[in-house]
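Structure file final_12.cif (mmCIF, C-alpha atoms and all ligand atoms) follows.
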```
data_upload
loop_
_atom_site.group_PDB
_atom_site.id
_atom_site.type_symbol
_atom_site.label_atom_id
_atom_site.label_comp_id
_atom_site.auth_asym_id
_atom_site.auth_seq_id
_atom_site.Cartn_x
_atom_site.Cartn_y
_atom_site.Cartn_z
ATOM 1 C CA MET J 1 0.000 0.000 0.000
ATOM 2 C CA SER J 2 1.286 3.484 -0.875
ATOM 3 C CA ALA J 3 1.855 6.175 1.725
ATOM 4 C CA LEU J 4 -1.291 7.937 0.597
ATOM 5 C CA ALA J 5 -3.277 4.724 0.747
ATOM 6 C CA ASP J 6 -1.933 4.203 4.282
ATOM 7 C CA VAL J 7 -3.110 7.654 5.311
ATOM 8 C CA MET J 8 -6.472 7.128 3.654
ATOM 9 C CA ASP J 9 -6.781 3.671 5.132
ATOM 10 C CA THR J 10 -6.274 5.107 8.594
ATOM 11 C CA GLN J 11 -8.704 7.916 7.912
ATOM 12 C CA TYR J 12 -11.385 5.590 6.550
ATOM 13 C CA ASN J 13 -10.674 2.915 9.086
ATOM 14 C CA GLY J 14 -9.557 0.285 6.578
ATOM 15 C CA HIS J 15 -12.249 1.097 4.076
ATOM 16 C CA VAL J 16 -10.233 2.253 1.083
ATOM 17 C CA LYS J 17 -9.346 0.768 -2.284
ATOM 18 C CA THR J 18 -7.211 1.867 -5.243
ATOM 19 C CA CYS J 19 -9.104 2.174 -8.545
ATOM 20 C CA SER J 20 -7.599 0.043 -11.309
ATOM 21 C CA VAL J 21 -8.367 2.704 -13.920
ATOM 22 C CA CYS J 22 -7.808 6.179 -12.434
ATOM 23 C CA ALA J 23 -5.433 4.805 -9.741
ATOM 24 C CA LEU J 24 -6.993 7.034 -7.098
ATOM 25 C CA VAL J 25 -7.375 5.788 -3.558
ATOM 26 C CA LYS J 26 -11.050 6.051 -2.710
ATOM 27 C CA PRO J 27 -13.362 4.940 0.097
ATOM 28 C CA ARG J 28 -14.778 1.454 -0.523
ATOM 29 C CA THR J 29 -18.236 3.003 -0.810
ATOM 30 C CA GLU J 30 -17.004 4.577 -4.060
ATOM 31 C CA PHE J 31 -16.840 1.115 -5.662
ATOM 32 C CA TYR J 32 -19.743 -0.990 -6.887
ATOM 33 C CA ARG J 33 -20.192 -4.407 -5.305
ATOM 34 C CA ARG J 34 -18.951 -7.414 -7.217
ATOM 35 C CA VAL J 35 -19.453 -10.763 -5.597
ATOM 36 C CA ALA J 36 -16.882 -12.504 -7.833
ATOM 37 C CA SER J 37 -14.012 -10.238 -6.641
ATOM 38 C CA PRO J 38 -11.864 -11.367 -3.651
ATOM 39 C CA ASP J 39 -12.726 -8.134 -1.794
ATOM 40 C CA GLY J 40 -16.339 -8.112 -2.998
ATOM 41 C CA LEU J 41 -15.885 -4.885 -4.972
ATOM 42 C CA ALA J 42 -15.410 -3.937 -8.613
ATOM 43 C CA PRO J 43 -11.747 -3.168 -9.506
ATOM 44 C CA LEU J 44 -12.644 0.285 -10.810
ATOM 45 C CA CYS J 45 -14.377 3.108 -8.948
ATOM 46 C CA ARG J 46 -18.001 4.152 -9.569
ATOM 47 C CA GLU J 47 -16.947 7.180 -11.544
ATOM 48 C CA CYS J 48 -14.731 5.122 -13.860
ATOM 49 C CA SER J 49 -17.464 2.462 -14.121
ATOM 50 C CA ARG J 50 -19.973 5.047 -15.238
ATOM 51 C CA ALA J 51 -17.525 6.543 -17.760
ATOM 52 C CA LYS J 52 -16.793 3.062 -19.093
ATOM 53 C CA SER J 53 -20.461 2.112 -19.521
ATOM 54 C CA ARG J 54 -21.211 5.447 -21.177
ATOM 55 C CA ALA J 55 -18.373 4.850 -23.661
ATOM 56 C CA TYR J 56 -19.651 1.309 -24.237
ATOM 57 C CA GLN J 57 -23.175 2.561 -24.886
ATOM 58 C CA VAL J 58 -21.961 5.140 -27.398
ATOM 59 C CA ALA J 59 -19.851 2.573 -29.242
ATOM 60 C CA HIS J 60 -22.687 0.076 -29.165
ATOM 61 C CA ARG J 61 -25.198 2.609 -30.430
ATOM 62 C CA ASP J 62 -22.987 3.494 -33.418
ATOM 63 C CA GLU J 63 -22.462 -0.198 -34.078
ATOM 64 C CA ALA J 64 -26.214 -0.815 -34.035
ATOM 65 C CA ARG J 65 -26.802 2.148 -36.317
ATOM 66 C CA VAL J 66 -24.240 0.877 -38.831
ATOM 67 C CA ARG J 67 -25.707 -2.637 -38.656
ATOM 68 C CA HIS J 68 -29.217 -1.322 -39.223
ATOM 69 C CA ALA J 69 -28.145 0.822 -42.189
ATOM 70 C CA ALA J 70 -26.384 -2.165 -43.761
ATOM 71 C CA TRP J 71 -29.468 -4.318 -43.209
ATOM 72 C CA ARG J 72 -31.659 -1.691 -44.820
ATOM 73 C CA VAL J 73 -29.437 -1.511 -47.907
ATOM 74 C CA ALA J 74 -29.149 -5.294 -48.179
ATOM 75 C CA ASN J 75 -32.912 -5.683 -47.893
ATOM 76 C CA GLU J 76 -33.991 -2.643 -49.831
ATOM 77 C CA GLU J 77 -35.992 -4.529 -52.465
ATOM 78 C CA HIS J 78 -37.449 -6.918 -49.917
ATOM 79 C CA ASN J 79 -38.467 -4.055 -47.626
ATOM 80 C CA ARG J 80 -40.000 -2.157 -50.500
ATOM 81 C CA LEU J 81 -42.077 -5.165 -51.496
ATOM 82 C CA GLU J 82 -43.049 -5.782 -47.870
ATOM 83 C CA HIS J 83 -44.209 -2.206 -47.544
ATOM 84 C CA GLN J 84 -46.140 -2.480 -50.794
ATOM 85 C CA ARG J 85 -47.752 -5.722 -49.670
ATOM 86 C CA TRP J 86 -48.680 -4.210 -46.305
ATOM 87 C CA TYR J 87 -50.078 -1.115 -47.966
ATOM 88 C CA LYS J 88 -52.201 -3.141 -50.401
ATOM 89 C CA ALA J 89 -53.511 -5.286 -47.561
ATOM 90 C CA ASN J 90 -54.355 -2.230 -45.456
ATOM 91 C CA LYS J 91 -55.362 0.232 -48.115
ATOM 92 C CA TYR J 92 -59.078 -0.328 -47.678
ATOM 93 C CA ARG J 93 -58.874 -0.144 -43.886
ATOM 94 C CA LEU J 94 -56.762 3.031 -44.057
ATOM 95 C CA SER J 95 -59.118 4.683 -46.462
ATOM 96 C CA GLU J 96 -62.129 3.741 -44.303
ATOM 97 C CA GLU J 97 -60.397 5.163 -41.243
ATOM 98 C CA TYR J 98 -59.618 8.287 -43.143
ATOM 99 C CA LYS J 99 -63.183 8.670 -44.415
ATOM 100 C CA GLN J 100 -64.476 8.276 -40.885
ATOM 101 C CA LYS J 101 -61.975 10.791 -39.549
ATOM 102 C CA TYR J 102 -62.901 13.211 -42.317
ATOM 103 C CA ALA J 103 -66.609 12.758 -41.609
ATOM 104 C CA THR J 104 -66.179 13.469 -37.901
ATOM 105 C CA ASP J 105 -63.523 16.167 -38.196
ATOM 106 C CA PRO J 106 -63.293 17.722 -41.665
ATOM 107 C CA GLU J 107 -61.247 20.661 -40.394
ATOM 108 C CA TYR J 108 -58.547 18.381 -38.985
ATOM 109 C CA SER J 109 -58.406 16.444 -42.257
ATOM 110 C CA LYS J 110 -58.159 19.656 -44.205
ATOM 111 C CA ILE J 111 -55.302 20.872 -42.014
ATOM 112 C CA LYS J 112 -53.447 17.564 -42.409
ATOM 113 C CA ALA J 113 -54.025 17.603 -46.164
ATOM 114 C CA HIS J 114 -52.835 21.194 -46.299
ATOM 115 C CA GLU J 115 -49.647 20.209 -44.429
ATOM 116 C CA TRP J 116 -49.178 17.385 -46.890
ATOM 117 C CA SER J 117 -49.670 19.662 -49.891
ATOM 118 C CA MET J 118 -47.168 22.177 -48.478
ATOM 119 C CA ALA J 119 -44.608 19.398 -47.986
ATOM 120 C CA ASN J 120 -45.148 18.046 -51.527
ATOM 121 C CA PRO J 121 -44.965 21.041 -53.890
ATOM 122 C CA GLU J 122 -44.423 18.928 -57.052
ATOM 123 C CA ARG J 123 -47.380 16.674 -56.312
ATOM 124 C CA ARG J 124 -49.425 19.771 -55.453
ATOM 125 C CA ALA J 125 -48.579 21.406 -58.778
ATOM 126 C CA ALA J 126 -49.427 18.164 -60.597
ATOM 127 C CA ILE J 127 -52.849 17.973 -58.923
ATOM 128 C CA ARG J 128 -53.608 21.579 -59.819
ATOM 129 C CA ARG J 129 -52.499 20.987 -63.391
ATOM 130 C CA LYS J 130 -54.618 17.854 -63.678
ATOM 131 C CA TRP J 131 -57.621 19.588 -62.141
ATOM 132 C CA ARG J 132 -57.337 22.444 -64.628
ATOM 133 C CA GLU J 133 -56.944 20.010 -67.518
ATOM 134 C CA THR J 134 -60.026 18.039 -66.558
ATOM 135 C CA HIS J 135 -62.331 21.004 -65.908
ATOM 136 C CA SER J 136 -64.053 23.303 -68.326
ATOM 137 C CA ALA J 137 -62.979 26.890 -68.831
ATOM 138 C CA SER J 138 -66.233 28.029 -67.222
ATOM 139 C CA ALA J 139 -65.593 25.937 -64.094
ATOM 140 C CA ILE J 140 -62.083 27.370 -63.819
ATOM 141 C CA ALA J 141 -63.483 30.873 -64.313
ATOM 142 C CA ALA J 142 -66.094 30.251 -61.609
ATOM 143 C CA VAL J 143 -63.357 29.189 -59.201
ATOM 144 C CA ARG J 144 -61.329 32.271 -60.057
ATOM 145 C CA ARG J 145 -64.366 34.520 -59.422
ATOM 146 C CA ARG J 146 -64.915 32.832 -56.090
ATOM 147 C CA GLN J 147 -61.252 33.272 -55.177
ATOM 148 C CA GLU J 148 -61.510 36.951 -56.067
ATOM 149 C CA ARG J 149 -64.610 37.232 -53.923
ATOM 150 C CA LEU J 150 -62.683 35.659 -51.034
ATOM 151 C CA ALA J 151 -59.632 37.843 -51.658
ATOM 152 C CA GLY J 152 -58.286 39.277 -48.431
ATOM 153 C CA VAL J 153 -59.455 36.236 -46.494
ATOM 154 C CA PRO J 154 -56.518 33.935 -45.813
ATOM 155 C CA VAL J 155 -57.319 30.834 -47.827
ATOM 156 C CA ALA J 156 -55.470 27.596 -48.396
ATOM 157 C CA ASP J 157 -53.559 27.062 -51.599
ATOM 158 C CA PHE J 158 -56.462 24.994 -52.954
ATOM 159 C CA THR J 159 -60.003 25.945 -53.758
ATOM 160 C CA ASP J 160 -62.940 23.992 -52.343
ATOM 161 C CA GLU J 161 -63.394 22.480 -55.799
ATOM 162 C CA GLU J 162 -59.797 21.234 -55.771
ATOM 163 C CA TRP J 163 -59.847 19.856 -52.237
ATOM 164 C CA PRO J 164 -61.371 16.459 -53.075
ATOM 165 C CA ALA J 165 -58.407 15.774 -55.390
ATOM 166 C CA VAL J 166 -55.925 16.842 -52.697
ATOM 167 C CA LEU J 167 -57.628 14.742 -50.063
ATOM 168 C CA ARG J 168 -57.648 11.734 -52.383
ATOM 169 C CA GLU J 169 -53.936 12.192 -53.030
ATOM 170 C CA PHE J 170 -53.175 12.795 -49.361
ATOM 171 C CA ASN J 171 -55.015 9.621 -48.503
ATOM 172 C CA HIS J 172 -52.459 7.576 -50.462
HETATM 173 ZN ZN ZN Q 201 -11.493 5.376 -10.980
#
```
Encoding of this model in C-alpha cells:
Amino acid sequence: MSALADVMDTQYNGHVKTCSVCALVKPRTEFYRRVASPDGLAPLCRECSRAKSRAYQVAHRDEARVRHAAWRVANEEHNRLEHQRWYKANKYRLSEEYKQKYATDPEYSKIKAHEWSMANPERRAAIRRKWRETHSASAIAAVRRRQERLAGVPVADFTDEEWPAVLREFNH
C-alpha cells in the first residue's frame, strides 16, 4: 500500500481501495459491489465504471446504427415489397379510417391535407395541373371569381373544388 493509501486507510478505518483505472485511492463506498471479486468490490471506482459504460453505450449505439443501415441496404428490395404488400392489404382499412376521420372532423383532415400539400410542392402542382386540364374553362373561371370574392381572407392554396383531389392524393 502506498503512503497515501496508508493515510487514507487510517482515515477511513480500513475502508479504502485503489481504482484500477484512475489509480486514485477512494473509500470502498465509491466502488460498486462485485461478488466474484476477492474483496467483494469492482476493480474500478463508480466514476470510472460510469464513464466506461457510457463509452460502451456510445460505441454500441454506433455499431447498431451501422448494422441497421447495412441491413436496410441489403434488404432494400425486400423491404420495398413488404411495404407495398402491407399497404395493399391495409389500403381499404386506411381509407375507411380516413373517411371516418374526415366525416367526424373535416377541419382536422383539411389541415393535415394542407400540411401534406405544403410538404409536396411537385405533387401539389401536378394535382392543380390535372384539375385544370379536366375542368371546363367556365368551371375554372367560376373558381377564379370565387377566389376573387374571397380575396383578403386567408385561404389555403387549394379551392374547395380542388380539395377532393388533394384529399384523395393525401389519402395515399
Ligand atoms: Zn477510478
*Within 9 Å of Lys26 of chain J, counting only C-alpha atoms, which residues show up once you throw out same-chain ones fewer than 3 positions away? Write them as a ChimeraX atom specification, please.*
/J:5,8,15-19,29-31,45
Answer key for the PyMOL selection byres (((not hetatm)) within 12 of (chain Q and resi 201)), residues as an mmCIF file with C-alpha atoms, in the frame of the given file:
```cif
data_model
loop_
_atom_site.group_PDB
_atom_site.id
_atom_site.type_symbol
_atom_site.label_atom_id
_atom_site.label_comp_id
_atom_site.auth_asym_id
_atom_site.auth_seq_id
_atom_site.Cartn_x
_atom_site.Cartn_y
_atom_site.Cartn_z
ATOM 1 C CA LYS J 17 -9.346 0.768 -2.284
ATOM 2 C CA THR J 18 -7.211 1.867 -5.243
ATOM 3 C CA CYS J 19 -9.104 2.174 -8.545
ATOM 4 C CA SER J 20 -7.599 0.043 -11.309
ATOM 5 C CA VAL J 21 -8.367 2.704 -13.920
ATOM 6 C CA CYS J 22 -7.808 6.179 -12.434
ATOM 7 C CA ALA J 23 -5.433 4.805 -9.741
ATOM 8 C CA LEU J 24 -6.993 7.034 -7.098
ATOM 9 C CA VAL J 25 -7.375 5.788 -3.558
ATOM 10 C CA LYS J 26 -11.050 6.051 -2.710
ATOM 11 C CA PRO J 27 -13.362 4.940 0.097
ATOM 12 C CA ARG J 28 -14.778 1.454 -0.523
ATOM 13 C CA GLU J 30 -17.004 4.577 -4.060
ATOM 14 C CA PHE J 31 -16.840 1.115 -5.662
ATOM 15 C CA TYR J 32 -19.743 -0.990 -6.887
ATOM 16 C CA ALA J 42 -15.410 -3.937 -8.613
ATOM 17 C CA PRO J 43 -11.747 -3.168 -9.506
ATOM 18 C CA LEU J 44 -12.644 0.285 -10.810
ATOM 19 C CA CYS J 45 -14.377 3.108 -8.948
ATOM 20 C CA ARG J 46 -18.001 4.152 -9.569
ATOM 21 C CA GLU J 47 -16.947 7.180 -11.544
ATOM 22 C CA CYS J 48 -14.731 5.122 -13.860
ATOM 23 C CA SER J 49 -17.464 2.462 -14.121
ATOM 24 C CA ARG J 50 -19.973 5.047 -15.238
ATOM 25 C CA ALA J 51 -17.525 6.543 -17.760
ATOM 26 C CA LYS J 52 -16.793 3.062 -19.093
#
```
*Given the file shown, determine the residues that the PyMOL selection byres (((chain J and resi 130-147) around 9) and not hetatm) selects; report them as a VMD selection string.*
chain J and resid 125 to 129 148 to 151 155 159 to 162 165
*Can you turn the PyMOL selection byres (((chain J and resi 113) around 12) and not hetatm) into a concrete residue list for this file, as a ChimeraX atom specification?*
/J:98,102,106-112,114-120,124,156-158,162-172
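Note that atom CA of Val73 of chain J and atom CA of Lys91 of chain J are 26.0 Å apart.
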*What gap, in Å, lies between atom CA of Trp86 of chain J and atom CA of Arg72 of chain J?*
17.3 Å
_Point-to-point distance from atom CA of Ala3 of chain J to atom CA of Asp39 of chain J, Å rounded to tenths_ = 20.7 Å
Can you sort out segment 75-95 of chain J so it carries N, CA and C atoms, written as a compact mmCIF listing (two decimals), in the frame of the given file?
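The file below, selection38.txt, is the result:
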```
# COMPACT_ATOMS: atom_id res chain seq x y z
N ASN J 75 -31.53 -5.21 -47.75
CA ASN J 75 -32.91 -5.68 -47.89
C ASN J 75 -33.84 -4.67 -48.55
N GLU J 76 -33.23 -3.74 -49.25
CA GLU J 76 -33.99 -2.64 -49.83
C GLU J 76 -35.20 -3.13 -50.64
N GLU J 77 -34.93 -4.03 -51.59
CA GLU J 77 -35.99 -4.53 -52.46
C GLU J 77 -37.03 -5.29 -51.65
N HIS J 78 -36.55 -6.14 -50.77
CA HIS J 78 -37.45 -6.92 -49.92
C HIS J 78 -38.34 -5.99 -49.08
N ASN J 79 -37.71 -4.98 -48.47
CA ASN J 79 -38.47 -4.06 -47.63
C ASN J 79 -39.50 -3.27 -48.43
N ARG J 80 -39.09 -2.91 -49.65
CA ARG J 80 -40.00 -2.16 -50.50
C ARG J 80 -41.23 -3.01 -50.82
N LEU J 81 -40.98 -4.26 -51.16
CA LEU J 81 -42.08 -5.16 -51.50
C LEU J 81 -42.96 -5.44 -50.27
N GLU J 82 -42.31 -5.56 -49.12
CA GLU J 82 -43.05 -5.78 -47.87
C GLU J 82 -43.98 -4.61 -47.59
N HIS J 83 -43.43 -3.41 -47.78
CA HIS J 83 -44.21 -2.21 -47.54
C HIS J 83 -45.40 -2.15 -48.50
N GLN J 84 -45.11 -2.48 -49.76
CA GLN J 84 -46.14 -2.48 -50.79
C GLN J 84 -47.25 -3.48 -50.44
N ARG J 85 -46.82 -4.66 -50.03
CA ARG J 85 -47.75 -5.72 -49.67
C ARG J 85 -48.63 -5.26 -48.48
N TRP J 86 -47.96 -4.68 -47.49
CA TRP J 86 -48.68 -4.21 -46.30
C TRP J 86 -49.68 -3.13 -46.70
N TYR J 87 -49.21 -2.22 -47.57
CA TYR J 87 -50.08 -1.12 -47.97
C TYR J 87 -51.30 -1.63 -48.71
N LYS J 88 -51.09 -2.57 -49.64
CA LYS J 88 -52.20 -3.14 -50.40
C LYS J 88 -53.19 -3.81 -49.47
N ALA J 89 -52.66 -4.56 -48.50
CA ALA J 89 -53.51 -5.29 -47.56
C ALA J 89 -54.29 -4.34 -46.66
N ASN J 90 -53.73 -3.16 -46.40
CA ASN J 90 -54.36 -2.23 -45.46
C ASN J 90 -54.99 -1.01 -46.09
N LYS J 91 -54.89 -0.95 -47.41
CA LYS J 91 -55.36 0.23 -48.12
C LYS J 91 -56.83 0.53 -47.80
N TYR J 92 -57.64 -0.51 -47.90
CA TYR J 92 -59.08 -0.33 -47.68
C TYR J 92 -59.35 0.17 -46.26
N ARG J 93 -58.70 -0.51 -45.29
CA ARG J 93 -58.87 -0.14 -43.89
C ARG J 93 -58.44 1.31 -43.66
N LEU J 94 -57.27 1.67 -44.21
CA LEU J 94 -56.76 3.03 -44.06
C LEU J 94 -57.73 4.04 -44.64
N SER J 95 -58.24 3.72 -45.83
CA SER J 95 -59.12 4.68 -46.46
C SER J 95 -60.44 4.81 -45.71
```
